[in-house]
Structure formats: structure tokens, C-alpha cells
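Visitor: Please see the structure below; I have some questions.
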Amino acid sequence: RNGSDGAVRINLRLIEDSGLQHIYGIAPVLNALQWDVRDFDDPEEAEDEDVAELKRRLAGSDLSDDFDDDEDEEGDDDFYERKDRREIKPEAQLKPHLFVQEGTLSASRRSFRTASKAEASSEILSLAERRGLPVVEVDKGVLNTLCSNRPHQGFVLRCGGLDFERLGRLPRARDGGPGLWLALDEVVDPQNLGALLRSVYFLGRGPATVDPDGGIPNGKIGIVVCSKNSSPLSPTVSAASAGALEFTTVYSTSNLPRLLNNARDDGWRVL
């Protein structure tokens, strides 16, 4: 934190290089905590040289709690030892956290415009507690930094990212798969992709997910994208989808024209 102007400096690139993302907004955070899809494991516990290197780089950045370094560095044998032992702030740690705006943890200070948001806020805190996820109150500036000044509604969740599920051929509806598929090509804008996921969820009255036993997607509408030119499943996509991404499986193929031609041969009507 820069003490002169209150600005918050967080090396997001280093944190996100470890595979962590920052989900923001009440609906995405609530859905991410409800569905066991994202990774909430602590990457610092893994024996990984890359993560260890990231930790060393973070420890040398401006993200640690302040310590008394007014003494002359020369002749102070403990200076560098104390510098190595300084405490890393939660927002700079390579581990999942739920960050909430100051006052959220106090029921008397918690205020939302609608009762539904107040209820969702309480549920988010309850789910985080059940998962054993550290909950940290921070000021609004930290939340703004973590989500790149997007509307966070007082909640930012640091957790693992999501990826596409590979799909080689559309399963037939009579085999238990979706009766309708939406194929997306060159949807590179995360806002557009999120809006499409939101519409598919509400039009289909539920997501298309993978059957853990048979591996066949189930649901009324399936979604497949071309992996070569699609927006990744980023926090922006989750926010634009109003949290629908958190329980929707998005499939990808490296060759969309071939997948559609094979689907036509299998009896699908391609429009």
C-alpha cells in the first residue's frame, strides 16, 4: 500500500500466474462457493518449484506488512533476517481467500438495498466458514484493485480458475444429451460470452453438465466453443453471466467446422 495517497499496489500477475483468479460480485461468489467446481486448495502446500519461485518474488515486493526499518541497515545484523520474516498481507498471499468490504462481518454494520442481497451476503459468509476459507475484511481500494475496478458489491473471492471441457463429437439427444446445442465461434469478448451463458441458462432452465457416470452432458442446451478463438472462462465472464458460469459446463473443440459436419452426419440439424 502506498502511504502517500492510499493507493493499493498488488502484483496481480504474480498471483494469477499461480492459477488463482478473483471472482467478484454477489451472485458469482455465492455460486462459486455453492458448487464444488472451482479449486479452493492452497497452492502453497504443493511441492512445486514454480509456486515457490512466485512466493519468493512476492516476498520481495511491496505487499508485506510494514516493519520498523528506521535503524541503520549497516551494522544491524538482524535487518535482513527481520525483512525475510515480515508478514505477508492476506491480499498478497498465494492461497484462496474471501475478501469482503469493511463492515461486512458485523451484522449491525452490514447494509444492502434489498433483503435478498442481505440474505445472499450472510449465505456467502456461512459457506466460506464451512469450507474453512479465510475471510478478510479490507477497504474498498483493495477490492477495486483485486477486480480491476469492476463492480464487486463488496465481495471478491480468490480461488482456482475454470477451463473448457474437451468435446470431440456431439452426443445424441436420444443418448441422454442436450436436445439443443449452441456453437460459438470467435466470441472473444468476455462480456458477450457471459451474456450468452446467462441467456442459455435461463432459456434452458438449467445448465448442461457432465454426467459423472457416463460422461454424457445432460441439460436442455449445451454450449461448445472453438478453443482457438474464444474468450477464456475469466472472472469477467462469470460476472457477465450473473454467476451462471459457476455451474455451467462449457465445451470446446479445436475444429468447430468438423464437429458441426459430424453432427450433421449424426442427424443433427445445423442452422
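Following the order of the C-alpha cells, first chain is A, next is B, and so on, with residues numbered from 1 inside each chain and ligands from 1 in the order they appear.
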Mind checking which residues fall within 8 Å of Val29 of chain A, counting only C-alpha atoms, ignoring those fewer than 5 positions away in the same chain, and posting them as a ChimeraX atom specification?
Guide: /A:23-24,124,155-157,243
Visitor: With only C-alpha atoms as the basis for distance, which of A:Ile15, A:Leu125, A:Val270, A:Leu233 is at the shortest distance from Asp163 of chain A?
Guide: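 Result for the nearest residue to Asp163 of chain A: A:Leu233.
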Visitor: Near Glu137 of chain A, counting only C-alpha atoms, which residues have an atom at most 6 Å away, once you skip same-chain residues fewer than 6 positions from it, shown as a ChimeraX atom specification?
Guide: /A:99-102
Visitor: Excluding same-chain residues fewer than 2 positions from Asp185 of chain A, what lies within 8 Å of it counting only C-alpha atoms, as a list in words?
Guide: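 Result of the neighbour search: Ala183, Val187, Val225, Cys226, Asn229, Ser230 and Leu256 of chain A.
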Visitor: Please produce a file of the residues just selected, as an mmCIF file, in the first residue's frame, where the atoms kept are C-alpha atoms.
Guide:
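So the final result, stored in out16.cif, reads:
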data_model
loop_
_atom_site.group_PDB
_atom_site.id
_atom_site.type_symbol
_atom_site.label_atom_id
_atom_site.label_comp_id
_atom_site.auth_asym_id
_atom_site.auth_seq_id
_atom_site.Cartn_x
_atom_site.Cartn_y
_atom_site.Cartn_z
ATOM 1 C CA ALA A 183 -21.975 -23.411 -31.140
ATOM 2 C CA VAL A 187 -16.734 -14.862 -29.309
ATOM 3 C CA VAL A 225 -16.878 -23.027 -28.434
ATOM 4 C CA CYS A 226 -13.874 -23.112 -30.721
ATOM 5 C CA ASN A 229 -10.615 -18.123 -30.824
ATOM 6 C CA SER A 230 -12.791 -17.954 -27.740
ATOM 7 C CA LEU A 256 -15.616 -26.448 -34.943
#
Visitor: Ranking A:Val37, A:Leu184, A:Leu98, A:Cys159 by minimum distance to Val136 of chain A and counting only C-alpha atoms, which one comes first?
Guide: A:Leu98
Visitor: Suppose you want the space between atom CA of Arg169 of chain A and atom CA of Thr249 of chain A; what is it in Å?
Guide: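 Straight-line distance from atom CA of Arg169 of chain A to atom CA of Thr249 of chain A works out to 15.4 Å.
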Visitor: Pick the closest to Gln21 of chain A from A:Arg150, A:Lys228, A:Arg198, A:Arg158: which is it, counting only C-alpha atoms?
Guide: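 Distance minimum relative to Gln21 of chain A lands on A:Arg158.
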